[in-house]
$ cat start.cif   # mmCIF, C-alpha atoms
data_model
loop_
_atom_site.label_atom_id
_atom_site.label_comp_id
_atom_site.auth_asym_id
_atom_site.auth_seq_id
_atom_site.Cartn_x
_atom_site.Cartn_y
_atom_site.Cartn_z
CA MET A 1 73.98 94.98 86.95
CA ILE A 2 75.13 98.48 85.93
CA LYS A 3 71.52 99.68 85.56
CA LYS A 4 70.65 98.25 88.99
CA SER A 5 73.65 99.99 90.56
CA LEU A 6 72.69 103.25 88.84
CA VAL A 7 69.12 103.06 90.16
CA ILE A 8 70.36 102.36 93.69
CA THR A 9 72.82 105.26 93.47
CA ILE A 10 70.10 107.68 92.31
CA VAL A 11 67.70 106.55 95.09
CA VAL A 12 70.39 106.98 97.76
CA PHE A 13 71.36 110.37 96.31
CA VAL A 14 67.77 111.68 96.32
CA ALA A 15 67.19 110.33 99.83
CA PHE A 16 70.34 112.08 101.05
CA LEU A 17 69.18 115.39 99.53
CA PHE A 18 65.84 115.07 101.34
CA LEU A 19 67.72 114.34 104.55
CA LEU A 20 69.80 117.50 104.07
CA GLU A 21 66.65 119.58 103.51
CA TYR A 22 65.11 118.08 106.64
CA ALA A 23 68.24 119.11 108.57
CA GLY A 24 67.88 122.68 107.28
CA ILE A 25 70.71 122.49 104.73
CA SER A 26 69.90 123.73 101.20
CA SER A 27 70.27 120.86 98.74
CA LEU A 28 70.36 123.33 95.83
CA LYS A 29 73.36 125.06 97.37
CA ILE A 30 75.07 121.69 97.77
CA ILE A 31 74.38 120.85 94.11
CA ASP A 32 75.68 124.14 92.68
CA THR A 33 78.87 123.77 94.76
CA ALA A 34 79.13 120.15 93.62
CA LEU A 35 78.93 121.20 89.97
CA LEU A 36 81.72 123.73 90.48
CA ALA A 37 83.85 121.11 92.26
CA MET A 38 83.05 118.61 89.52
CA THR A 39 84.19 120.82 86.63
CA PRO A 40 88.01 120.62 86.94
CA LEU A 41 87.76 116.92 87.81
CA ALA A 42 85.58 116.19 84.79
CA LEU A 43 87.77 118.17 82.38
CA ALA A 44 90.95 116.44 83.58
CA ALA A 45 89.28 113.01 83.65
CA ILE A 46 87.77 113.28 80.15
CA GLY A 47 91.14 114.26 78.71
CA GLU A 48 92.89 111.39 80.48
CA VAL A 49 90.24 108.92 79.26
CA ILE A 50 91.08 109.87 75.68
CA ASN A 51 94.79 109.71 76.48
CA GLU A 52 94.63 106.25 78.05
CA LYS A 53 92.38 104.92 75.30
CA ALA A 54 95.39 105.47 73.03
CA GLY A 55 97.69 103.66 75.44
CA VAL A 56 99.39 106.61 77.18
CA THR A 57 99.26 107.04 80.96
CA ASN A 58 99.67 110.47 82.54
CA ILE A 59 99.53 110.55 86.33
CA GLY A 60 100.78 114.14 86.29
CA LEU A 61 97.27 115.64 86.22
CA ASP A 62 97.71 117.20 89.65
CA GLY A 63 100.78 119.07 88.44
CA ILE A 64 99.05 120.20 85.25
CA LEU A 65 96.07 121.49 87.25
CA LEU A 66 98.47 123.42 89.48
CA ILE A 67 100.45 124.93 86.59
CA GLY A 68 97.27 125.69 84.63
CA ALA A 69 95.82 127.52 87.64
CA THR A 70 98.96 129.62 88.11
CA LEU A 71 99.66 130.46 84.48
CA GLY A 72 95.96 131.06 83.90
CA VAL A 73 96.06 133.91 86.43
CA TYR A 74 99.30 135.17 84.90
CA GLY A 75 97.81 135.17 81.39
CA ALA A 76 94.62 136.87 82.60
CA GLU A 77 96.57 139.67 84.25
CA LEU A 78 98.87 139.99 81.24
CA ALA A 79 95.96 140.33 78.80
CA GLY A 80 93.51 141.96 81.20
CA ASN A 81 90.93 139.30 80.31
CA GLY A 82 89.87 136.21 82.25
CA TYR A 83 88.94 134.23 79.15
CA ILE A 84 92.43 134.79 77.74
CA GLY A 85 93.67 133.49 81.08
CA LEU A 86 91.61 130.32 80.65
CA LEU A 87 93.12 129.88 77.19
CA PHE A 88 96.59 130.53 78.61
CA GLY A 89 96.14 127.82 81.23
CA ALA A 90 94.77 125.40 78.65
CA LEU A 91 97.70 126.01 76.29
CA ALA A 92 100.18 125.52 79.15
CA GLY A 93 98.55 122.16 79.87
CA ALA A 94 98.58 121.26 76.17
CA LEU A 95 102.32 121.98 75.98
CA ILE A 96 103.00 119.75 78.98
CA GLY A 97 100.83 117.01 77.49
CA PHE A 98 102.61 117.34 74.15
CA ILE A 99 106.04 117.02 75.79
CA HIS A 100 104.85 113.98 77.74
CA GLY A 101 103.50 112.48 74.52
CA VAL A 102 106.80 112.98 72.71
CA LEU A 103 108.77 111.47 75.60
CA SER A 104 106.37 108.52 75.75
CA THR A 105 106.55 107.78 72.02
CA TYR A 106 109.79 108.85 70.40
CA GLY A 107 111.69 108.74 73.71
CA ARG A 108 109.94 105.54 74.88
CA ALA A 109 110.15 106.86 78.45
CA ASP A 110 108.54 105.09 81.36
CA GLN A 111 105.19 106.88 81.35
CA VAL A 112 104.53 106.64 85.08
CA VAL A 113 107.97 107.98 85.99
CA ALA A 114 107.84 110.75 83.34
CA SER A 115 104.37 111.92 84.37
CA MET A 116 105.25 111.77 88.06
CA GLY A 117 108.02 114.18 87.13
CA ILE A 118 105.32 116.64 86.03
CA ASN A 119 103.92 116.66 89.56
CA ILE A 120 107.34 117.07 91.16
CA PHE A 121 108.18 119.92 88.76
CA ALA A 122 104.86 121.68 89.43
CA TYR A 123 105.21 121.46 93.22
CA GLY A 124 108.53 123.28 92.95
CA PHE A 125 107.81 125.58 90.01
CA VAL A 126 104.59 127.17 91.30
CA PRO A 127 105.90 128.49 94.66
CA TYR A 128 108.97 129.82 92.85
CA PHE A 129 106.81 131.46 90.14
CA LEU A 130 104.52 133.10 92.72
CA MET A 131 107.51 134.61 94.50
CA ALA A 132 109.51 135.53 91.38
CA VAL A 133 106.65 137.18 89.45
CA TRP A 134 104.30 138.54 92.13
CA HIS A 135 106.62 138.57 95.15
CA MET A 136 103.93 136.68 97.06
CA PRO A 137 104.90 133.68 99.22
CA GLY A 138 102.40 131.10 98.05
CA ILE A 139 99.33 133.15 97.09
CA ARG A 140 98.09 135.54 94.40
CA VAL A 141 94.67 137.20 94.30
CA PRO A 142 94.18 138.84 90.88
CA PRO A 143 92.11 142.01 90.31
CA LYS A 144 88.37 141.34 90.08
CA GLU A 145 88.16 142.70 86.54
CA VAL A 146 90.28 139.86 85.13
CA LEU A 147 88.24 137.10 86.77
CA VAL A 148 85.57 135.12 84.92
CA GLN A 149 82.26 135.68 86.65
CA LEU A 150 79.86 132.92 87.62
CA TRP A 151 76.27 132.94 86.38
CA ASN A 152 73.49 133.51 88.93
CA VAL A 153 70.06 132.12 88.12
CA PRO A 154 67.25 133.11 90.52
CA LEU A 155 65.20 130.16 91.81
CA GLY A 156 62.68 131.67 94.20
CA ASN A 157 64.63 133.13 97.10
CA PHE A 158 67.78 131.27 96.07
CA TYR A 159 70.39 132.07 93.41
CA PHE A 160 71.72 128.98 91.66
CA VAL A 161 75.38 129.61 90.79
CA PHE A 162 77.15 127.88 87.91
CA SER A 163 79.72 128.41 85.16
CA GLU A 164 79.70 128.08 81.41
CA LEU A 165 82.75 125.83 81.78
CA THR A 166 80.58 123.36 83.67
CA ILE A 167 78.28 123.25 80.65
CA LEU A 168 81.34 122.84 78.40
CA ALA A 169 82.59 119.91 80.50
CA LEU A 170 79.20 118.19 80.23
CA LEU A 171 79.07 118.79 76.46
CA LEU A 172 82.61 117.48 75.99
CA THR A 173 81.61 114.33 77.86
CA PHE A 174 79.13 113.40 75.16
CA VAL A 175 81.22 114.77 72.28
CA PHE A 176 84.21 112.62 73.21
CA ASN A 177 82.01 109.61 73.87
CA TRP A 178 80.58 110.01 70.36
CA LEU A 179 84.08 110.55 68.92
CA LEU A 180 85.40 107.35 70.50
CA GLN A 181 82.44 105.19 69.53
CA LYS A 182 81.23 106.57 66.19
CA THR A 183 84.14 108.10 64.26
CA ALA A 184 87.20 106.87 62.36
CA LEU A 185 89.47 108.89 64.66
CA GLY A 186 87.90 107.19 67.67
CA LEU A 187 88.52 103.80 66.08
CA TRP A 188 92.17 104.72 65.50
CA ILE A 189 92.54 105.88 69.11
CA ARG A 190 91.05 102.65 70.46
CA ALA A 191 93.11 100.53 68.07
CA VAL A 192 96.34 102.32 69.05
CA GLY A 193 95.64 101.41 72.68
CA GLU A 194 94.66 97.82 71.97
CA SER A 195 96.87 96.75 69.08
CA PRO A 196 99.40 99.37 67.95
CA GLU A 197 101.15 96.83 65.71
CA ALA A 198 97.98 96.19 63.71
CA ILE A 199 97.04 99.86 63.29
CA ASP A 200 100.63 100.68 62.33
CA ALA A 201 100.49 97.98 59.65
CA ALA A 202 97.28 99.62 58.39
CA GLY A 203 99.21 102.84 57.75
CA ILE A 204 98.15 104.89 60.80
CA ASP A 205 100.99 106.66 62.62
CA VAL A 206 100.82 105.37 66.21
CA TYR A 207 103.13 108.10 67.50
CA ARG A 208 101.04 110.93 66.07
CA VAL A 209 97.81 109.56 67.50
CA ARG A 210 99.36 109.14 70.95
CA ILE A 211 100.92 112.60 70.90
CA LEU A 212 97.55 114.06 69.84
CA THR A 213 95.66 112.39 72.69
CA ALA A 214 98.37 113.33 75.22
CA THR A 215 98.10 116.95 74.08
CA ILE A 216 94.29 116.91 74.36
CA GLY A 217 94.54 115.41 77.84
CA GLY A 218 96.99 118.08 78.94
CA LEU A 219 94.90 120.88 77.41
CA LEU A 220 91.74 119.87 79.28
CA ALA A 221 93.61 119.45 82.58
CA GLY A 222 95.22 122.88 82.11
CA LEU A 223 91.79 124.38 81.43
CA GLY A 224 90.50 122.72 84.60
CA GLY A 225 93.34 124.31 86.56
CA ALA A 226 92.66 127.76 85.13
CA PHE A 227 88.98 127.29 85.98
CA MET A 228 89.86 126.77 89.63
CA SER A 229 91.88 129.98 89.94
CA LEU A 230 89.91 132.31 87.63
CA VAL A 231 86.33 131.11 88.12
CA TRP A 232 85.94 129.09 91.28
CA PHE A 233 88.44 130.21 93.94
CA LYS A 234 89.14 133.67 92.47
CA GLY A 235 92.87 133.35 93.06
CA VAL A 236 95.72 130.89 93.24
CA VAL A 237 97.63 129.37 96.14
CA LYS A 238 100.50 126.94 95.85
CA GLU A 239 98.30 124.07 97.13
CA ILE A 240 95.26 124.88 94.95
CA SER A 241 95.20 121.47 93.23
CA ALA A 242 94.94 119.75 96.66
CA GLY A 243 95.24 116.30 95.13
CA ARG A 244 92.38 116.84 92.67
CA GLY A 245 94.52 115.49 89.86
CA PHE A 246 94.66 112.15 91.66
CA ILE A 247 90.90 112.26 92.25
CA ALA A 248 90.49 112.83 88.49
CA LEU A 249 92.64 109.73 87.93
CA ALA A 250 90.32 107.87 90.29
CA CYS A 251 87.39 108.94 88.06
CA VAL A 252 89.27 107.54 85.05
CA VAL A 253 90.02 104.22 86.75
CA ALA A 254 86.54 103.79 88.22
CA SER A 255 84.91 104.55 84.86
CA GLY A 256 86.91 101.97 82.92
CA LEU A 257 87.80 104.73 80.41
CA ASP A 258 84.18 105.66 79.71
CA PRO A 259 83.81 109.48 79.35
CA ILE A 260 80.20 109.52 80.60
CA LEU A 261 80.95 107.41 83.66
CA ALA A 262 84.11 109.45 84.32
CA THR A 263 82.02 112.63 84.50
CA GLY A 264 79.49 110.83 86.69
CA PHE A 265 82.22 109.90 89.16
CA ALA A 266 83.57 113.46 88.95
CA PHE A 267 80.15 114.68 90.09
CA LEU A 268 80.16 112.12 92.90
CA PHE A 269 83.51 113.39 94.16
CA GLY A 270 82.43 117.00 93.62
CA PHE A 271 79.29 116.31 95.64
CA SER A 272 81.43 114.80 98.42
CA GLU A 273 83.56 117.95 98.46
CA ALA A 274 80.46 120.17 98.52
CA VAL A 275 79.07 118.21 101.47
CA ALA A 276 82.40 118.56 103.27
CA TYR A 277 82.45 122.34 102.75
CA THR A 278 78.84 122.66 103.90
CA PHE A 279 79.35 120.56 107.03
CA ALA A 280 82.46 122.59 107.89
CA VAL A 281 80.44 125.83 108.11
CA THR A 282 77.11 124.52 109.42
CA PRO A 283 76.39 125.38 113.08
CA GLY A 284 76.03 122.28 115.18
CA ILE A 285 78.07 120.14 112.79
CA LYS A 286 81.26 122.21 112.71
CA GLU A 287 81.39 122.19 116.51
CA ALA A 288 80.74 118.45 116.74
CA ILE A 289 83.22 117.27 114.09
CA PRO A 290 86.70 118.79 113.64
CA TYR A 291 86.98 120.43 110.23
CA TYR A 292 90.02 118.38 109.21
CA PHE A 293 87.96 115.20 109.56
CA VAL A 294 85.18 116.72 107.47
CA PHE A 295 87.58 117.68 104.68
CA MET A 296 88.73 114.06 104.51
CA ILE A 297 85.34 113.05 103.07
CA PRO A 298 86.21 113.44 99.32
CA TYR A 299 89.44 111.48 99.74
CA ILE A 300 87.75 108.70 101.71
CA VAL A 301 85.09 108.45 98.99
CA THR A 302 87.87 108.29 96.38
CA LEU A 303 89.60 105.39 98.15
CA VAL A 304 86.34 103.48 98.59
CA VAL A 305 85.22 103.92 94.97
CA VAL A 306 88.59 102.93 93.50
CA ALA A 307 88.85 99.91 95.82
CA VAL A 308 85.38 98.73 94.79
CA MET A 309 85.64 99.43 91.05
CA ILE A 310 89.28 98.72 90.13
CA GLY A 311 88.84 94.94 89.81
CA LYS A 312 85.80 95.26 87.56
CA ARG A 313 87.37 97.33 84.78
CA ARG A 314 89.30 96.33 81.70
CA PHE A 315 91.94 98.64 80.24
CA PRO A 316 93.65 98.75 76.82
CA ARG A 317 96.20 95.98 76.28
CA ALA A 318 98.99 98.41 75.33
CA LEU A 319 98.28 100.96 78.07
CA GLY A 320 101.56 102.34 79.40
CA VAL A 321 103.63 100.24 76.99
CA PRO A 322 105.96 102.20 74.66
CA TYR A 323 105.58 101.18 71.03
CA LYS A 324 108.66 100.57 68.95
CA LYS A 325 108.24 100.86 65.20
CA GLU A 326 109.81 98.07 63.19
#
$ encode --input "start.cif" --output "structure tokens"
Amino acid sequence: MIKKSLVITIVVFVAFLFLLEYAGISSLKIIDTALLAMTPLALAAIGEVINEKAGVTNIGLDGILLIGATLGVYGAELAGNGYIGLLFGALAGALIGFIHGVLSTYGRADQVVASMGINIFAYGFVPYFLMAVWHMPGIRVPPKEVLVQLWNVPLGNFYFVFSELTILALLLTFVFNWLLQKTALGLWIRAVGESPEAIDAAGIDVYRVRILTATIGGLLAGLGGAFMSLVWFKGVVKEISAGRGFIALACVVASGLDPILATGFAFLFGFSEAVAYTFAVTPGIKEAIPYYFVFMIPYIVTLVVVAVMIGKRRFPRALGVPYKKE
């Protein structure tokens, strides 16, 4: 059934690309934009897959993306280096994930409420930070020299644009899939999510494993945020996450906690966003359809995919349930 669905999806995708070419819209341009839009979604989704495999839920990905984007720019300007900025954003996300992990384990906090607090904090912290540090009401455009440049590969008369972080996200997809399926650590992570009592009796510290996965999840989401501000959009605004953290959660849910499928859904949503951007600037289309309807496309796709897939996925038995050591 999955193989049949995959074949149908590929056929529809290829047919749609041919249709775009026939309409005079470059399919290669759509794909390179889709890969850029996919990258922060895939990074956040992969991290959350690992996190939820261990039984910890973090719906604060949107807030972590937002904070990672802002502090990534701050770190880049501080160090005069965009790659340091990416690291800065990733470490900020890791710290938030670590705190969430500690609250979820030792504090036995309600994980949904605690992680929703991350979003609420970010929505207030970022506008304040922009004004307090840069004296800018809601926006900061850093100097070009501290930005991380995209790669341009000539393909005939067209330059295909992509980032090394996109390659990293794709590599991490397969690395984490291998880790979960083929290593002792992956077995511990899956066991902590399914039967924390049994793995605790075997001598594995449930709290440490959950804090580790929460930290990894936060780190990757923070890196995704820094990617948006330092690589993709070349700046930060207070609404830069634009709900992408929730779209990343949709990737996690639709995939059934499979890293490869999560990245596949991230590409689907990234492709939807690329199509929306292209339609919004294409003569003939932008006049016919109001831009705010066009920009609804990724969110409509998200709702449809989650509605279709949610009932077909199984999640760890102890997901979202605080574990109390005896």
$ resolve_selection --input "start.cif" --expression "the PyMOL selection byres ((chain A and resi 206) around 9)" --output "short mmCIF file (atom, residue, chain, number, x, y, z; two decimals) with C-alpha atoms, in the frame of the given file"
data_model
loop_
_atom_site.label_atom_id
_atom_site.label_comp_id
_atom_site.auth_asym_id
_atom_site.auth_seq_id
_atom_site.Cartn_x
_atom_site.Cartn_y
_atom_site.Cartn_z
CA ALA A 54 95.39 105.47 73.03
CA THR A 105 106.55 107.78 72.02
CA TRP A 188 92.17 104.72 65.50
CA ILE A 189 92.54 105.88 69.11
CA VAL A 192 96.34 102.32 69.05
CA PRO A 196 99.40 99.37 67.95
CA GLU A 197 101.15 96.83 65.71
CA ILE A 199 97.04 99.86 63.29
CA ASP A 200 100.63 100.68 62.33
CA GLY A 203 99.21 102.84 57.75
CA ILE A 204 98.15 104.89 60.80
CA ASP A 205 100.99 106.66 62.62
CA TYR A 207 103.13 108.10 67.50
CA ARG A 208 101.04 110.93 66.07
CA VAL A 209 97.81 109.56 67.50
CA ARG A 210 99.36 109.14 70.95
CA ILE A 211 100.92 112.60 70.90
CA TYR A 323 105.58 101.18 71.03
CA LYS A 325 108.24 100.86 65.20
#
$ closest_residue --input "start.cif" --among "A:Ala221, A:Leu66, A:Ala288, A:Ile120" --to "A:Leu87" --atoms "all atoms listed in the file"
A:Ala221
$ residues_around --input "start.cif" --residues "stretch 223-225 of chain A" --least-positions-apart "4" --cutoff "7 Å" --atoms "all atoms listed in the file" --output "number ranges by chain"
A: 39-40, 43-44, 65-66, 68-69, 86, 89-90, 219, 229
$ closest_residue --input "start.cif" --among "A:Ile96, A:Cys251, A:Leu35, A:Ile167" --to "A:Met309" --atoms "all atoms listed in the file"
A:Cys251
$ resolve_selection --input "start.cif" --expression "the PyMOL selection byres ((chain A and resi 253) around 9)" --output "PyMOL selection string"
chain A and resi 49+248-252+254-257+262+306+309-310+313+315
$ residues_near_point --input "start.cif" --point "(90.9, 115.4, 105.7)" --cutoff "12 Å" --atoms "only C-alpha atoms" --output "ChimeraX atom specification"
/A:242-243,272-273,276-277,280,289-301
$ resolve_selection --input "start.cif" --expression "the PyMOL selection byres ((chain A and resi 171) around 12)" --output "list in words"
Thr39, Ala42, Leu43, Ile46, Glu164, Leu165, Thr166, Ile167, Leu168, Ala169, Leu170, Leu172, Thr173, Phe174, Val175, Phe176, Asn177, Trp178, Pro259, Ile260 and Thr263 of chain A
$ write_last_selection --input "start.cif" --atoms "C-alpha atoms" --output "PDB file, in the coordinates of the input"
ATOM      1  CA  THR A  39      84.190 120.820  86.630  1.00  0.00           C
ATOM      2  CA  ALA A  42      85.580 116.190  84.790  1.00  0.00           C
ATOM      3  CA  LEU A  43      87.770 118.170  82.380  1.00  0.00           C
ATOM      4  CA  ILE A  46      87.770 113.280  80.150  1.00  0.00           C
ATOM      5  CA  GLU A 164      79.700 128.080  81.410  1.00  0.00           C
ATOM      6  CA  LEU A 165      82.750 125.830  81.780  1.00  0.00           C
ATOM      7  CA  THR A 166      80.580 123.360  83.670  1.00  0.00           C
ATOM      8  CA  ILE A 167      78.280 123.250  80.650  1.00  0.00           C
ATOM      9  CA  LEU A 168      81.340 122.840  78.400  1.00  0.00           C
ATOM     10  CA  ALA A 169      82.590 119.910  80.500  1.00  0.00           C
ATOM     11  CA  LEU A 170      79.200 118.190  80.230  1.00  0.00           C
ATOM     12  CA  LEU A 172      82.610 117.480  75.990  1.00  0.00           C
ATOM     13  CA  THR A 173      81.610 114.330  77.860  1.00  0.00           C
ATOM     14  CA  PHE A 174      79.130 113.400  75.160  1.00  0.00           C
ATOM     15  CA  VAL A 175      81.220 114.770  72.280  1.00  0.00           C
ATOM     16  CA  PHE A 176      84.210 112.620  73.210  1.00  0.00           C
ATOM     17  CA  ASN A 177      82.010 109.610  73.870  1.00  0.00           C
ATOM     18  CA  TRP A 178      80.580 110.010  70.360  1.00  0.00           C
ATOM     19  CA  PRO A 259      83.810 109.480  79.350  1.00  0.00           C
ATOM     20  CA  ILE A 260      80.200 109.520  80.600  1.00  0.00           C
ATOM     21  CA  THR A 263      82.020 112.630  84.500  1.00  0.00           C
TER      22      THR A 263
END
$ closest_atom_pairs --input "start.cif" --of "stretch 194-288 of chain A" --to "stretch 14-23 of chain A" --cutoff "12 Å" --atoms "all atoms listed in the file" --output "tab-separated table"
residue	atom	partner	partner_atom	distance
A:Phe271	CA	A:Leu17	CA	10.9
A:Ser272	CA	A:Phe16	CA	11.7
A:Val275	CA	A:Leu20	CA	9.7
A:Thr278	CA	A:Leu20	CA	10.4
A:Phe279	CA	A:Leu20	CA	10.5
A:Thr282	CA	A:Ala23	CA	10.4
A:Pro283	CA	A:Ala23	CA	11.2
A:Gly284	CA	A:Ala23	CA	10.7
A:Ile285	CA	A:Ala23	CA	10.7
$ closest_residue --input "start.cif" --among "A:Val126, A:Met38, A:Ala76, A:Ile84" --to "A:Pro143" --atoms "all atoms listed in the file"
A:Ala76
$ residues_around --input "start.cif" --residues "stretch 150-161 of chain A" --least-positions-apart "2" --cutoff "9 Å" --atoms "only C-alpha atoms" --output "VMD selection string"
chain A and resid 28 to 29 31 to 33 36 148 163 to 164 231 to 232
$ closest_residue --input "start.cif" --among "A:Ile240, A:Ala266, A:Val281, A:Ala92" --to "A:Ile139" --atoms "all atoms listed in the file"
A:Ile240
$ closest_residue --input "start.cif" --among "A:Ile67, A:Ile99, A:Leu319, A:Ala109" --to "A:Glu239" --atoms "all atoms listed in the file"
A:Ile67
$ atom_distance --input "start.cif" --atom1 "atom CA of A:Leu220" --atom2 "atom CA of A:Gly47"
5.7 Å
$ atom_distance --input "start.cif" --atom1 "atom CA of A:Gln181" --atom2 "atom CA of A:Glu48"
16.4 Å
$ atom_distance --input "start.cif" --atom1 "atom CA of A:Ser195" --atom2 "atom CA of A:Leu261"
24.1 Å
$ residues_near_point --input "start.cif" --point "(91.1, 113.2, 73.2)" --cutoff "7 Å" --atoms "only C-alpha atoms" --output "list in words"
Gly47, Ile50, Asn51, Phe176, Thr213, Ile216 and Gly217 of chain A
$ closest_residue --input "start.cif" --among "A:Ala318, A:Leu103, A:Leu268, A:Leu91" --to "A:Thr302" --atoms "all atoms listed in the file"
A:Leu268
$ decode --input "start.cif" --residues "stretch 172-191 of chain A" --atoms "N, CA and C atoms" --output "JSON list (two decimals), in the first residue's frame"
[["chain", "number", "residue", "atom", "x", "y", "z"],
["A", 172, "LEU", "N", 21.46, 13.74, 7.56],
["A", 172, "LEU", "CA", 20.98, 13.44, 8.92],
["A", 172, "LEU", "C", 19.75, 12.55, 8.89],
["A", 173, "THR", "N", 18.94, 12.69, 7.85],
["A", 173, "THR", "CA", 17.76, 11.84, 7.71],
["A", 173, "THR", "C", 18.16, 10.38, 7.75],
["A", 174, "PHE", "N", 19.16, 10.02, 6.96],
["A", 174, "PHE", "CA", 19.58, 8.62, 6.87],
["A", 174, "PHE", "C", 20.44, 8.21, 8.07],
["A", 175, "VAL", "N", 21.22, 9.15, 8.60],
["A", 175, "VAL", "CA", 22.03, 8.84, 9.78],
["A", 175, "VAL", "C", 21.13, 8.51, 10.97],
["A", 176, "PHE", "N", 20.11, 9.32, 11.20],
["A", 176, "PHE", "CA", 19.23, 9.08, 12.35],
["A", 176, "PHE", "C", 18.34, 7.86, 12.12],
["A", 177, "ASN", "N", 17.97, 7.60, 10.88],
["A", 177, "ASN", "CA", 17.22, 6.39, 10.60],
["A", 177, "ASN", "C", 18.06, 5.15, 10.92],
["A", 178, "TRP", "N", 19.34, 5.20, 10.52],
["A", 178, "TRP", "CA", 20.25, 4.09, 10.85],
["A", 178, "TRP", "C", 20.45, 3.99, 12.36],
["A", 179, "LEU", "N", 20.61, 5.13, 13.03],
["A", 179, "LEU", "CA", 20.82, 5.13, 14.48],
["A", 179, "LEU", "C", 19.64, 4.48, 15.19],
["A", 180, "LEU", "N", 18.42, 4.82, 14.78],
["A", 180, "LEU", "CA", 17.23, 4.28, 15.45],
["A", 180, "LEU", "C", 17.06, 2.79, 15.20],
["A", 181, "GLN", "N", 17.41, 2.34, 14.00],
["A", 181, "GLN", "CA", 17.12, 0.97, 13.62],
["A", 181, "GLN", "C", 18.26, -0.01, 13.86],
["A", 182, "LYS", "N", 19.51, 0.48, 13.87],
["A", 182, "LYS", "CA", 20.65, -0.44, 13.83],
["A", 182, "LYS", "C", 21.61, -0.33, 15.00],
["A", 183, "THR", "N", 21.40, 0.58, 15.93],
["A", 183, "THR", "CA", 22.36, 0.78, 17.01],
["A", 183, "THR", "C", 21.73, 0.53, 18.38],
["A", 184, "ALA", "N", 22.61, 0.31, 19.37],
["A", 184, "ALA", "CA", 22.14, 0.10, 20.74],
["A", 184, "ALA", "C", 21.46, 1.35, 21.28],
["A", 185, "LEU", "N", 22.02, 2.54, 20.95],
["A", 185, "LEU", "CA", 21.40, 3.78, 21.39],
["A", 185, "LEU", "C", 20.00, 3.92, 20.82],
["A", 186, "GLY", "N", 19.83, 3.57, 19.55],
["A", 186, "GLY", "CA", 18.52, 3.62, 18.94],
["A", 186, "GLY", "C", 17.54, 2.69, 19.62],
["A", 187, "LEU", "N", 18.01, 1.51, 20.00],
["A", 187, "LEU", "CA", 17.16, 0.56, 20.74],
["A", 187, "LEU", "C", 16.75, 1.15, 22.08],
["A", 188, "TRP", "N", 17.68, 1.79, 22.77],
["A", 188, "TRP", "CA", 17.36, 2.41, 24.06],
["A", 188, "TRP", "C", 16.31, 3.51, 23.87],
["A", 189, "ILE", "N", 16.50, 4.33, 22.83],
["A", 189, "ILE", "CA", 15.56, 5.43, 22.58],
["A", 189, "ILE", "C", 14.16, 4.88, 22.33],
["A", 190, "ARG", "N", 14.06, 3.85, 21.48],
["A", 190, "ARG", "CA", 12.76, 3.27, 21.18],
["A", 190, "ARG", "C", 12.15, 2.59, 22.41],
["A", 191, "ALA", "N", 12.99, 1.93, 23.20],
["A", 191, "ALA", "CA", 12.50, 1.26, 24.40],
["A", 191, "ALA", "C", 12.01, 2.26, 25.44]]
